[in-house]
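File shown: data23.pdb (PDB, C-alpha atoms).
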MODEL        1
ATOM      1  CA  MET A   1     -16.191 -59.979 -26.823
ATOM      2  CA  GLN A   2     -12.720 -61.121 -25.840
ATOM      3  CA  PRO A   3     -10.538 -62.938 -28.400
ATOM      4  CA  GLY A   4     -10.502 -66.166 -26.417
ATOM      5  CA  GLU A   5     -14.248 -66.450 -25.924
ATOM      6  CA  ALA A   6     -15.256 -69.501 -27.865
ATOM      7  CA  PRO A   7     -18.303 -71.587 -26.988
ATOM      8  CA  ALA A   8     -18.439 -75.337 -27.144
ATOM      9  CA  PRO A   9     -21.277 -75.989 -29.606
ATOM     10  CA  CYS A  10     -21.764 -79.164 -31.587
ATOM     11  CA  PRO A  11     -18.313 -80.023 -32.956
ATOM     12  CA  PRO A  12     -17.615 -80.212 -36.673
ATOM     13  CA  SER A  13     -17.194 -83.439 -38.521
ATOM     14  CA  GLY A  14     -13.806 -84.990 -39.083
ATOM     15  CA  ASP A  15     -11.312 -85.874 -36.386
ATOM     16  CA  VAL A  16     -13.135 -83.956 -33.645
ATOM     17  CA  ARG A  17     -14.802 -86.284 -31.179
ATOM     18  CA  ALA A  18     -18.452 -86.041 -30.345
ATOM     19  CA  PRO A  19     -19.293 -84.296 -27.070
ATOM     20  CA  VAL A  20     -19.598 -86.481 -24.007
ATOM     21  CA  ARG A  21     -21.181 -85.643 -20.689
ATOM     22  CA  ARG A  22     -18.746 -85.712 -17.810
ATOM     23  CA  ARG A  23     -18.679 -84.377 -14.310
ATOM     24  CA  SER A  24     -16.288 -81.462 -13.889
ATOM     25  CA  VAL A  25     -14.655 -80.013 -10.813
ATOM     26  CA  ALA A  26     -12.878 -76.688 -11.180
ATOM     27  CA  ARG A  27      -9.172 -76.241 -10.528
ATOM     28  CA  ARG A  28      -8.049 -72.717  -9.664
ATOM     29  CA  ILE A  29      -4.893 -71.466 -11.369
ATOM     30  CA  THR A  30      -3.805 -68.514  -9.245
ATOM     31  CA  GLY A  31      -0.994 -65.965  -9.264
ATOM     32  CA  LEU A  32      -2.183 -64.242 -12.413
ATOM     33  CA  PRO A  33      -2.014 -60.489 -13.175
ATOM     34  CA  ASN A  34      -4.162 -58.229 -10.974
ATOM     35  CA  GLY A  35      -4.971 -61.063  -8.586
ATOM     36  CA  GLN A  36      -7.006 -62.944 -11.168
ATOM     37  CA  HIS A  37      -7.483 -66.690 -11.288
ATOM     38  CA  LEU A  38      -8.753 -69.210 -13.791
ATOM     39  CA  ALA A  39     -11.104 -72.081 -13.126
ATOM     40  CA  VAL A  40     -10.150 -75.043 -15.304
ATOM     41  CA  PRO A  41     -12.550 -78.003 -15.152
ATOM     42  CA  ASP A  42     -11.829 -81.611 -14.167
ATOM     43  CA  PRO A  43      -8.583 -81.508 -12.174
ATOM     44  CA  ALA A  44      -8.103 -85.230 -12.679
ATOM     45  CA  GLY A  45      -7.652 -84.787 -16.426
ATOM     46  CA  THR A  46      -4.237 -84.746 -18.069
ATOM     47  CA  LEU A  47      -5.264 -81.630 -19.982
ATOM     48  CA  ASP A  48      -5.358 -79.611 -16.791
ATOM     49  CA  ASP A  49      -1.995 -80.847 -15.567
ATOM     50  CA  GLU A  50      -0.433 -79.902 -18.902
ATOM     51  CA  LEU A  51      -2.080 -76.481 -18.911
ATOM     52  CA  ALA A  52      -0.969 -75.804 -15.345
ATOM     53  CA  ARG A  53       2.643 -76.566 -16.312
ATOM     54  CA  ALA A  54       2.391 -74.291 -19.341
ATOM     55  CA  VAL A  55       0.942 -71.466 -17.213
ATOM     56  CA  ALA A  56       3.770 -71.830 -14.677
ATOM     57  CA  HIS A  57       6.281 -71.679 -17.528
ATOM     58  CA  TRP A  58       4.729 -68.480 -18.934
ATOM     59  CA  ARG A  59       4.796 -66.773 -15.548
ATOM     60  CA  ASN A  60       8.414 -67.707 -14.935
ATOM     61  CA  ALA A  61       9.651 -66.921 -18.464
ATOM     62  CA  GLY A  62       8.479 -63.311 -18.438
ATOM     63  CA  THR A  63       7.974 -63.232 -22.214
ATOM     64  CA  HIS A  64       4.451 -61.762 -21.962
ATOM     65  CA  THR A  65       3.137 -58.497 -20.575
ATOM     66  CA  ASP A  66       0.400 -58.725 -17.943
ATOM     67  CA  GLY A  67      -2.283 -57.913 -20.504
ATOM     68  CA  SER A  68      -0.927 -60.358 -23.060
ATOM     69  CA  LEU A  69      -0.629 -63.076 -20.414
ATOM     70  CA  ALA A  70      -4.212 -62.510 -19.274
ATOM     71  CA  ARG A  71      -5.484 -62.895 -22.856
ATOM     72  CA  LEU A  72      -3.351 -65.975 -23.369
ATOM     73  CA  LEU A  73      -4.682 -67.617 -20.224
ATOM     74  CA  GLU A  74      -8.267 -66.760 -21.084
ATOM     75  CA  THR A  75      -7.995 -68.195 -24.593
ATOM     76  CA  THR A  76      -6.182 -71.400 -23.645
ATOM     77  CA  ALA A  77      -8.637 -71.986 -20.797
ATOM     78  CA  ALA A  78     -11.529 -71.619 -23.258
ATOM     79  CA  PHE A  79      -9.800 -74.056 -25.626
ATOM     80  CA  THR A  80      -9.291 -76.523 -22.771
ATOM     81  CA  ARG A  81     -12.950 -76.326 -21.740
ATOM     82  CA  ARG A  82     -13.933 -77.037 -25.335
ATOM     83  CA  LEU A  83     -11.626 -80.056 -25.467
ATOM     84  CA  HIS A  84     -13.105 -81.393 -22.235
ATOM     85  CA  ALA A  85     -16.597 -81.121 -23.724
ATOM     86  CA  GLN A  86     -15.389 -83.102 -26.753
ATOM     87  CA  GLY A  87     -13.907 -85.869 -24.627
ATOM     88  CA  VAL A  88     -10.254 -85.060 -25.333
ATOM     89  CA  ALA A  89      -8.083 -86.135 -22.389
ATOM     90  CA  SER A  90      -4.675 -84.753 -23.403
ATOM     91  CA  TYR A  91      -3.207 -82.148 -25.732
ATOM     92  CA  THR A  92      -1.399 -85.003 -27.472
ATOM     93  CA  GLU A  93      -4.809 -86.020 -28.831
ATOM     94  CA  VAL A  94      -5.514 -82.608 -30.351
ATOM     95  CA  SER A  95      -5.701 -82.672 -34.146
ATOM     96  CA  PRO A  96      -5.547 -79.849 -36.700
ATOM     97  CA  ALA A  97      -9.327 -80.166 -36.948
ATOM     98  CA  HIS A  98      -9.706 -79.426 -33.223
ATOM     99  CA  ALA A  99      -7.544 -76.334 -33.558
ATOM    100  CA  ALA A 100      -9.259 -75.078 -36.707
ATOM    101  CA  ALA A 101     -12.709 -75.572 -35.173
ATOM    102  CA  PHE A 102     -11.769 -73.544 -32.097
ATOM    103  CA  VAL A 103     -10.192 -70.715 -34.085
ATOM    104  CA  SER A 104     -13.332 -70.376 -36.209
ATOM    105  CA  ALA A 105     -15.893 -71.143 -33.467
ATOM    106  CA  ARG A 106     -18.810 -68.748 -33.262
ATOM    107  CA  THR A 107     -19.124 -66.411 -30.322
ATOM    108  CA  ARG A 108     -21.491 -67.033 -27.442
ATOM    109  CA  HIS A 109     -24.001 -64.845 -29.308
ATOM    110  CA  GLY A 110     -23.798 -67.048 -32.384
ATOM    111  CA  ALA A 111     -21.862 -64.578 -34.542
ATOM    112  CA  ALA A 112     -18.884 -65.499 -36.692
ATOM    113  CA  PRO A 113     -15.625 -64.320 -35.069
ATOM    114  CA  GLU A 114     -13.835 -61.286 -36.435
ATOM    115  CA  LEU A 115     -10.617 -61.916 -38.359
ATOM    116  CA  ALA A 116      -8.613 -60.277 -35.544
ATOM    117  CA  THR A 117     -10.201 -62.683 -33.067
ATOM    118  CA  ARG A 118      -9.287 -65.675 -35.217
ATOM    119  CA  HIS A 119      -5.692 -64.479 -35.446
ATOM    120  CA  ALA A 120      -5.577 -63.965 -31.675
ATOM    121  CA  ARG A 121      -6.939 -67.454 -31.021
ATOM    122  CA  ARG A 122      -4.424 -69.034 -33.395
ATOM    123  CA  THR A 123      -1.558 -67.132 -31.758
ATOM    124  CA  ALA A 124      -2.637 -68.369 -28.313
ATOM    125  CA  LEU A 125      -2.796 -71.981 -29.484
ATOM    126  CA  ARG A 126       0.607 -71.716 -31.148
ATOM    127  CA  THR A 127       2.047 -70.318 -27.944
ATOM    128  CA  LEU A 128       0.512 -73.183 -25.995
ATOM    129  CA  PHE A 129       1.791 -75.954 -28.248
ATOM    130  CA  ARG A 130       5.269 -74.466 -28.564
ATOM    131  CA  THR A 131       5.424 -74.345 -24.780
ATOM    132  CA  LEU A 132       4.243 -77.928 -24.478
ATOM    133  CA  ARG A 133       6.913 -78.959 -26.952
ATOM    134  CA  ALA A 134       9.588 -77.067 -25.007
ATOM    135  CA  LEU A 135       8.426 -78.860 -21.851
ATOM    136  CA  GLY A 136       8.624 -82.243 -23.567
ATOM    137  CA  LEU A 137       4.857 -82.820 -23.350
ATOM    138  CA  HIS A 138       4.043 -82.614 -27.060
ATOM    139  CA  GLU A 139       5.879 -83.221 -30.317
ATOM    140  CA  SER A 140       3.858 -81.308 -32.906
ATOM    141  CA  ASP A 141       1.761 -78.203 -33.522
ATOM    142  CA  PRO A 142      -1.778 -78.717 -34.844
ATOM    143  CA  THR A 143      -1.912 -75.061 -35.928
ATOM    144  CA  LEU A 144       1.114 -75.376 -38.213
ATOM    145  CA  ASP A 145      -0.917 -75.507 -41.435
ATOM    146  CA  LEU A 146      -3.753 -73.300 -40.221
ATOM    147  CA  VAL A 147      -3.624 -70.381 -42.677
ATOM    148  CA  LEU A 148      -5.718 -67.254 -42.139
ATOM    149  CA  PRO A 149      -6.269 -64.246 -44.418
ATOM    150  CA  PRO A 150      -3.977 -61.239 -43.827
ATOM    151  CA  ARG A 151      -5.173 -58.864 -41.125
ATOM    152  CA  GLY A 152      -4.824 -55.786 -43.308
ATOM    153  CA  GLN A 153      -3.471 -54.206 -46.454
ATOM    154  CA  LEU A 154      -0.055 -53.181 -45.087
ATOM    155  CA  ILE A 155       2.978 -54.766 -46.738
ATOM    156  CA  ALA A 156       4.442 -55.329 -43.272
ATOM    157  CA  ARG A 157       1.775 -54.891 -40.639
ATOM    158  CA  PRO A 158       2.648 -54.299 -36.980
ATOM    159  CA  LEU A 159       2.774 -57.449 -34.899
ATOM    160  CA  THR A 160       0.368 -57.720 -31.983
ATOM    161  CA  ASP A 161       1.518 -57.906 -28.359
ATOM    162  CA  ASP A 162       0.471 -61.559 -28.266
ATOM    163  CA  GLU A 163       2.520 -62.348 -31.363
ATOM    164  CA  VAL A 164       5.554 -60.592 -29.892
ATOM    165  CA  GLY A 165       5.262 -62.749 -26.770
ATOM    166  CA  LEU A 166       5.129 -65.857 -28.953
ATOM    167  CA  CYS A 167       8.178 -64.671 -30.897
ATOM    168  CA  ARG A 168      10.141 -64.032 -27.715
ATOM    169  CA  ALA A 169       9.593 -67.618 -26.650
ATOM    170  CA  SER A 170      10.432 -68.855 -30.145
ATOM    171  CA  ALA A 171      13.643 -66.799 -30.235
ATOM    172  CA  GLN A 172      14.918 -68.655 -27.191
ATOM    173  CA  MET A 173      14.061 -72.142 -28.415
ATOM    174  CA  GLY A 174      17.139 -74.303 -28.739
ATOM    175  CA  ALA A 175      20.569 -73.737 -27.274
ATOM    176  CA  GLY A 176      23.902 -72.315 -28.281
ATOM    177  CA  ALA A 177      25.239 -69.128 -29.792
ATOM    178  CA  ARG A 178      22.746 -68.955 -32.672
ATOM    179  CA  SER A 179      19.770 -69.039 -30.335
ATOM    180  CA  GLN A 180      21.311 -66.299 -28.194
ATOM    181  CA  MET A 181      22.065 -64.159 -31.235
ATOM    182  CA  ARG A 182      18.492 -64.457 -32.474
ATOM    183  CA  ALA A 183      17.189 -63.388 -29.078
ATOM    184  CA  VAL A 184      19.567 -60.400 -29.063
ATOM    185  CA  ALA A 185      18.520 -59.387 -32.585
ATOM    186  CA  TRP A 186      14.865 -59.595 -31.537
ATOM    187  CA  ALA A 187      15.496 -57.562 -28.367
ATOM    188  CA  LEU A 188      17.218 -54.817 -30.371
ATOM    189  CA  GLY A 189      14.389 -54.912 -32.913
ATOM    190  CA  GLU A 190      11.902 -54.312 -30.103
ATOM    191  CA  ALA A 191      13.955 -51.205 -29.279
ATOM    192  CA  THR A 192      13.270 -50.037 -32.902
ATOM    193  CA  ALA A 193      16.664 -51.036 -34.351
ATOM    194  CA  LEU A 194      16.619 -51.524 -38.117
ATOM    195  CA  SER A 195      18.321 -54.724 -39.275
ATOM    196  CA  SER A 196      21.434 -52.817 -40.366
ATOM    197  CA  GLU A 197      21.541 -51.046 -36.982
ATOM    198  CA  VAL A 198      21.297 -54.386 -35.189
ATOM    199  CA  THR A 199      24.698 -55.342 -36.587
ATOM    200  CA  MET A 200      26.349 -52.063 -35.503
ATOM    201  CA  VAL A 201      25.396 -51.992 -31.821
ATOM    202  CA  ARG A 202      28.324 -52.498 -29.434
ATOM    203  CA  ILE A 203      28.511 -53.119 -25.702
ATOM    204  CA  ARG A 204      29.396 -49.457 -25.139
ATOM    205  CA  ASP A 205      26.079 -48.435 -26.724
ATOM    206  CA  LEU A 206      24.143 -49.845 -23.756
ATOM    207  CA  ASP A 207      23.442 -47.274 -21.053
ATOM    208  CA  ASP A 208      24.514 -49.803 -18.402
ATOM    209  CA  PRO A 209      26.010 -53.185 -19.385
ATOM    210  CA  ASP A 210      25.049 -54.673 -15.999
ATOM    211  CA  GLN A 211      21.445 -53.442 -15.990
ATOM    212  CA  PRO A 212      20.675 -52.043 -19.442
ATOM    213  CA  THR A 213      17.465 -50.112 -19.973
ATOM    214  CA  GLY A 214      18.281 -48.388 -23.257
ATOM    215  CA  VAL A 215      20.597 -48.566 -26.237
ATOM    216  CA  LEU A 216      22.049 -45.909 -28.522
ATOM    217  CA  LEU A 217      21.109 -46.672 -32.129
ATOM    218  CA  PRO A 218      23.466 -45.232 -34.763
ATOM    219  CA  GLY A 219      20.886 -44.344 -37.387
ATOM    220  CA  THR A 220      21.180 -44.879 -41.133
ATOM    221  CA  ARG A 221      20.971 -42.820 -44.279
ATOM    222  CA  ASP A 222      17.190 -42.695 -43.804
ATOM    223  CA  LEU A 223      16.901 -42.857 -40.001
ATOM    224  CA  ASP A 224      18.143 -40.476 -37.325
ATOM    225  CA  ALA A 225      20.371 -41.687 -34.497
ATOM    226  CA  ARG A 226      18.359 -42.094 -31.296
ATOM    227  CA  ARG A 227      17.991 -43.916 -27.996
ATOM    228  CA  GLY A 228      16.006 -47.145 -28.085
ATOM    229  CA  GLU A 229      14.124 -48.235 -24.971
ATOM    230  CA  LEU A 230      14.562 -51.925 -24.115
ATOM    231  CA  SER A 231      11.611 -54.022 -23.024
ATOM    232  CA  ALA A 232      11.856 -55.845 -19.696
ATOM    233  CA  TRP A 233      12.450 -59.054 -21.642
ATOM    234  CA  GLY A 234      15.049 -57.355 -23.836
ATOM    235  CA  ARG A 235      16.928 -56.095 -20.785
ATOM    236  CA  ARG A 236      17.359 -59.645 -19.508
ATOM    237  CA  VAL A 237      18.471 -60.904 -22.909
ATOM    238  CA  LEU A 238      21.080 -58.169 -23.374
ATOM    239  CA  HIS A 239      22.313 -58.504 -19.800
ATOM    240  CA  ARG A 240      22.995 -62.209 -20.372
ATOM    241  CA  ARG A 241      24.605 -61.538 -23.744
ATOM    242  CA  THR A 242      26.882 -58.823 -22.365
ATOM    243  CA  ALA A 243      27.898 -60.967 -19.389
ATOM    244  CA  THR A 244      28.762 -63.855 -21.704
ATOM    245  CA  LEU A 245      30.851 -61.654 -23.986
ATOM    246  CA  LEU A 246      32.764 -59.987 -21.151
ATOM    247  CA  GLU A 247      33.461 -63.330 -19.485
ATOM    248  CA  ASN A 248      35.069 -64.436 -22.747
ATOM    249  CA  GLY A 249      37.399 -61.455 -23.008
ATOM    250  CA  ALA A 250      35.262 -58.985 -24.953
ATOM    251  CA  THR A 251      35.698 -55.223 -24.614
ATOM    252  CA  THR A 252      33.151 -52.427 -24.694
ATOM    253  CA  ASP A 253      33.922 -52.110 -28.414
ATOM    254  CA  THR A 254      32.648 -55.647 -29.111
ATOM    255  CA  LEU A 255      29.562 -55.988 -31.296
ATOM    256  CA  LEU A 256      26.525 -57.408 -29.520
ATOM    257  CA  CYS A 257      24.866 -59.226 -32.382
ATOM    258  CA  TYR A 258      27.234 -59.707 -35.296
ATOM    259  CA  SER A 259      30.449 -61.679 -35.656
ATOM    260  CA  GLY A 260      30.691 -62.069 -39.420
ATOM    261  CA  SER A 261      33.566 -60.979 -41.636
ATOM    262  CA  ALA A 262      31.590 -58.355 -43.597
ATOM    263  CA  PRO A 263      31.549 -54.731 -42.332
ATOM    264  CA  PRO A 264      28.889 -54.033 -39.654
ATOM    265  CA  GLY A 265      25.922 -52.213 -41.119
ATOM    266  CA  GLY A 266      26.706 -53.371 -44.658
ATOM    267  CA  SER A 267      24.410 -55.347 -46.928
ATOM    268  CA  LYS A 268      25.793 -58.772 -45.944
ATOM    269  CA  ALA A 269      25.618 -57.985 -42.246
ATOM    270  CA  GLN A 270      22.108 -56.596 -42.675
ATOM    271  CA  ALA A 271      21.065 -59.793 -44.459
ATOM    272  CA  ALA A 272      22.353 -61.824 -41.502
ATOM    273  CA  ALA A 273      20.236 -59.776 -39.076
ATOM    274  CA  CYS A 274      17.172 -60.077 -41.338
ATOM    275  CA  ASN A 275      17.652 -63.841 -41.506
ATOM    276  CA  ALA A 276      17.812 -64.016 -37.706
ATOM    277  CA  LEU A 277      14.519 -62.128 -37.407
ATOM    278  CA  ARG A 278      12.924 -64.227 -40.145
ATOM    279  CA  HIS A 279      13.986 -67.381 -38.329
ATOM    280  CA  VAL A 280      12.208 -66.161 -35.186
ATOM    281  CA  LEU A 281       9.048 -65.372 -37.153
ATOM    282  CA  ALA A 282       9.173 -68.786 -38.841
ATOM    283  CA  ALA A 283       9.679 -70.558 -35.501
ATOM    284  CA  ALA A 284       6.612 -68.703 -34.208
ATOM    285  CA  GLY A 285       4.550 -69.920 -37.170
ATOM    286  CA  LEU A 286       4.312 -66.455 -38.707
ATOM    287  CA  GLY A 287       6.848 -66.870 -41.499
ATOM    288  CA  ALA A 288       4.253 -67.702 -44.136
ATOM    289  CA  GLU A 289       2.015 -64.720 -43.347
ATOM    290  CA  PRO A 290       2.134 -62.418 -46.410
ATOM    291  CA  ASP A 291       1.927 -59.245 -44.315
ATOM    292  CA  VAL A 292       4.467 -60.266 -41.661
ATOM    293  CA  ARG A 293       8.110 -59.371 -42.267
ATOM    294  CA  PRO A 294      11.111 -58.451 -40.091
ATOM    295  CA  ALA A 295       9.968 -54.803 -40.316
ATOM    296  CA  SER A 296       6.737 -55.831 -38.557
ATOM    297  CA  LEU A 297       8.680 -55.794 -35.288
ATOM    298  CA  ARG A 298       9.680 -52.120 -35.626
ATOM    299  CA  HIS A 299       6.148 -51.326 -36.730
ATOM    300  CA  TRP A 300       4.854 -53.025 -33.573
ATOM    301  CA  ALA A 301       7.097 -50.847 -31.417
ATOM    302  CA  GLY A 302       5.743 -47.697 -33.060
ATOM    303  CA  ARG A 303       2.105 -48.792 -32.999
ATOM    304  CA  ARG A 304       2.351 -49.840 -29.360
ATOM    305  CA  LEU A 305       3.711 -46.421 -28.436
ATOM    306  CA  HIS A 306       0.900 -44.663 -30.306
ATOM    307  CA  ASP A 307      -1.754 -46.894 -28.760
ATOM    308  CA  ARG A 308      -0.451 -45.850 -25.348
ATOM    309  CA  GLY A 309      -1.146 -42.203 -26.102
ATOM    310  CA  ALA A 310       1.935 -40.888 -27.909
ATOM    311  CA  ARG A 311       1.366 -38.379 -30.692
ATOM    312  CA  ILE A 312       2.448 -39.259 -34.214
ATOM    313  CA  GLU A 313       5.340 -36.765 -33.895
ATOM    314  CA  GLN A 314       6.656 -38.596 -30.820
ATOM    315  CA  VAL A 315       6.399 -41.956 -32.559
ATOM    316  CA  ALA A 316       8.328 -40.597 -35.538
ATOM    317  CA  ARG A 317      11.159 -39.440 -33.283
ATOM    318  CA  VAL A 318      11.332 -42.814 -31.512
ATOM    319  CA  LEU A 319      11.486 -44.660 -34.844
ATOM    320  CA  GLY A 320      14.007 -42.201 -36.258
ATOM    321  CA  HIS A 321      11.737 -41.119 -39.117
ATOM    322  CA  ARG A 322      11.928 -37.718 -40.762
ATOM    323  CA  SER A 323       8.453 -38.003 -42.248
ATOM    324  CA  LEU A 324       5.163 -38.279 -40.382
ATOM    325  CA  ASP A 325       3.569 -39.897 -43.434
ATOM    326  CA  ILE A 326       6.135 -42.715 -43.350
ATOM    327  CA  THR A 327       5.534 -43.231 -39.642
ATOM    328  CA  ALA A 328       1.772 -43.333 -40.098
ATOM    329  CA  ALA A 329       2.067 -45.801 -42.976
ATOM    330  CA  HIS A 330       4.323 -48.113 -40.959
ATOM    331  CA  ILE A 331       2.049 -48.279 -37.925
ATOM    332  CA  GLY A 332      -1.173 -48.438 -39.961
ATOM    333  CA  LEU A 333      -2.536 -45.042 -38.930
ATOM    334  CA  ASP A 334      -4.589 -42.600 -40.997
ATOM    335  CA  TRP A 335      -3.229 -39.638 -39.043
ATOM    336  CA  ARG A 336      -4.506 -36.995 -41.455
ATOM    337  CA  GLY A 337      -8.038 -38.340 -41.360
ATOM    338  CA  ALA A 338      -7.884 -38.644 -37.569
ATOM    339  CA  ARG A 339      -7.277 -34.928 -36.965
TER     340      ARG A 339
ENDMDL
END

structure tokens encoding of this file:
Amino acid sequence: MQPGEAPAPCPPSGDVRAPVRRRSVARRITGLPNGQHLAVPDPAGTLDDELARAVAHWRNAGTHTDGSLARLLETTAAFTRRLHAQGVASYTEVSPAHAAAFVSARTRHGAAPELATRHARRTALRTLFRTLRALGLHESDPTLDLVLPPRGQLIARPLTDDEVGLCRASAQMGAGARSQMRAVAWALGEATALSSEVTMVRIRDLDDPDQPTGVLLPGTRDLDARRGELSAWGRRVLHRRTATLLENGATTDTLLCYSGSAPPGGSKAQAAACNALRHVLAAAGLGAEPDVRPASLRHWAGRRLHDRGARIEQVARVLGHRSLDITAAHIGLDWRGAR
């Protein structure tokens, strides 16, 4: 059962409209990963025009991996079909009750959705409504007050790929130096930089300022120095940041993500980097989650590597850890029991 699979049964009471029968003609949204396409009903409806614009934005922005984009498209298409069945003509008519009903909708087999599925659905809807707001098509987010139980017992659980895509888009919301700095901090965090390391990285630490693929991370008292691999999105962010700095007279010794008066790597600088990451999480609607913290980004990087087949020892080296137990705890892995 995929996270976005939600049927359109009898809607709940409240603001959700009663189902209406309407003729539907499918619109094909093409150009998706692996040659896929989506059939979205009723091309004359405003809903479909809005969704098509959001899909085009996601493809052009490059904030999602192919797999994450496919899940996002599947879930938002399912949500749109449900809205059509309820007689909703535009996303501007969507209420918190519509969103909550979709997130908790039973599967096609009549079973209650797993907690992970509910989180995935909420993340997709938040991504959709933040995109609509960025495009000037919507002014609010009906998922804003939709609180779900924590996904696990970790103090700072790893983010999911879908949540990282949402955070990338949220990091770039707005304009100006602060928005750029938040995006840079997030990109370095994806490369496993600790918040204190974020404030110590200089232009010279990039392997290639024009086309960076990796960054040298200095390490800390508890972490070894290492090379961090940049995501495709992170490469674009750091390329733009470096170009901007050099155009304004910077040198290779210039810090990428900190311009405060306190020493780089110190407690005040580290607090500034943490605040930047927290701002991104809050903008993505994840700030109130009890098990989501700035460290969740590093934990995502480690978990993602392990899920792709890396051994726990390899993950520890990438994260700079000197203890396999610490690595396993951070990525939510019972590595001793799994042997």

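For the residues A:Arg168, A:Lys268, A:His321, A:Arg311, ranking by smallest atom-to-atom distance to Val237 in chain A using only C-alpha atoms places A:Arg168 first.
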
| request: With the file shown as input, list the residues that the PyMOL selection byres ((chain A and resi 284-299) around 6) selects, as a list in words. | output: Ile155, Ala156, Arg157, Pro158, Leu159, Cys167, Ser170, Thr192, Leu277, Leu281, Ala282, Ala283, Trp300, Ala301, Gly302, His330 and Ile331 of chain A

| In Å, how far is it from CA of Leu128 in chain A to CA of Leu72 in chain A? |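 Separation of CA of Leu128 in chain A and CA of Leu72 in chain A: 8.6 Å.
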
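The space between CA of Ser259 in chain A and CA of Pro209 in chain A spans 18.9 Å.
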
| A:His119, A:Arg71, A:Arg53, A:His98 ranked by distance to Leu132 in chain A, top pick (using all atoms listed in the file) |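 Smallest separation from Leu132 in chain A among the options: A:Arg53.
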
| request: Pick out the residues sitting within 7 Å of range 182-188 of chain A, and hand them over as a ChimeraX atom specification; count only C-alpha atoms, and ignore anything fewer than 3 positions along from it in its own chain. | output: /A:171-172,178-179,191-193,198,234,237-238,257,273,276-277
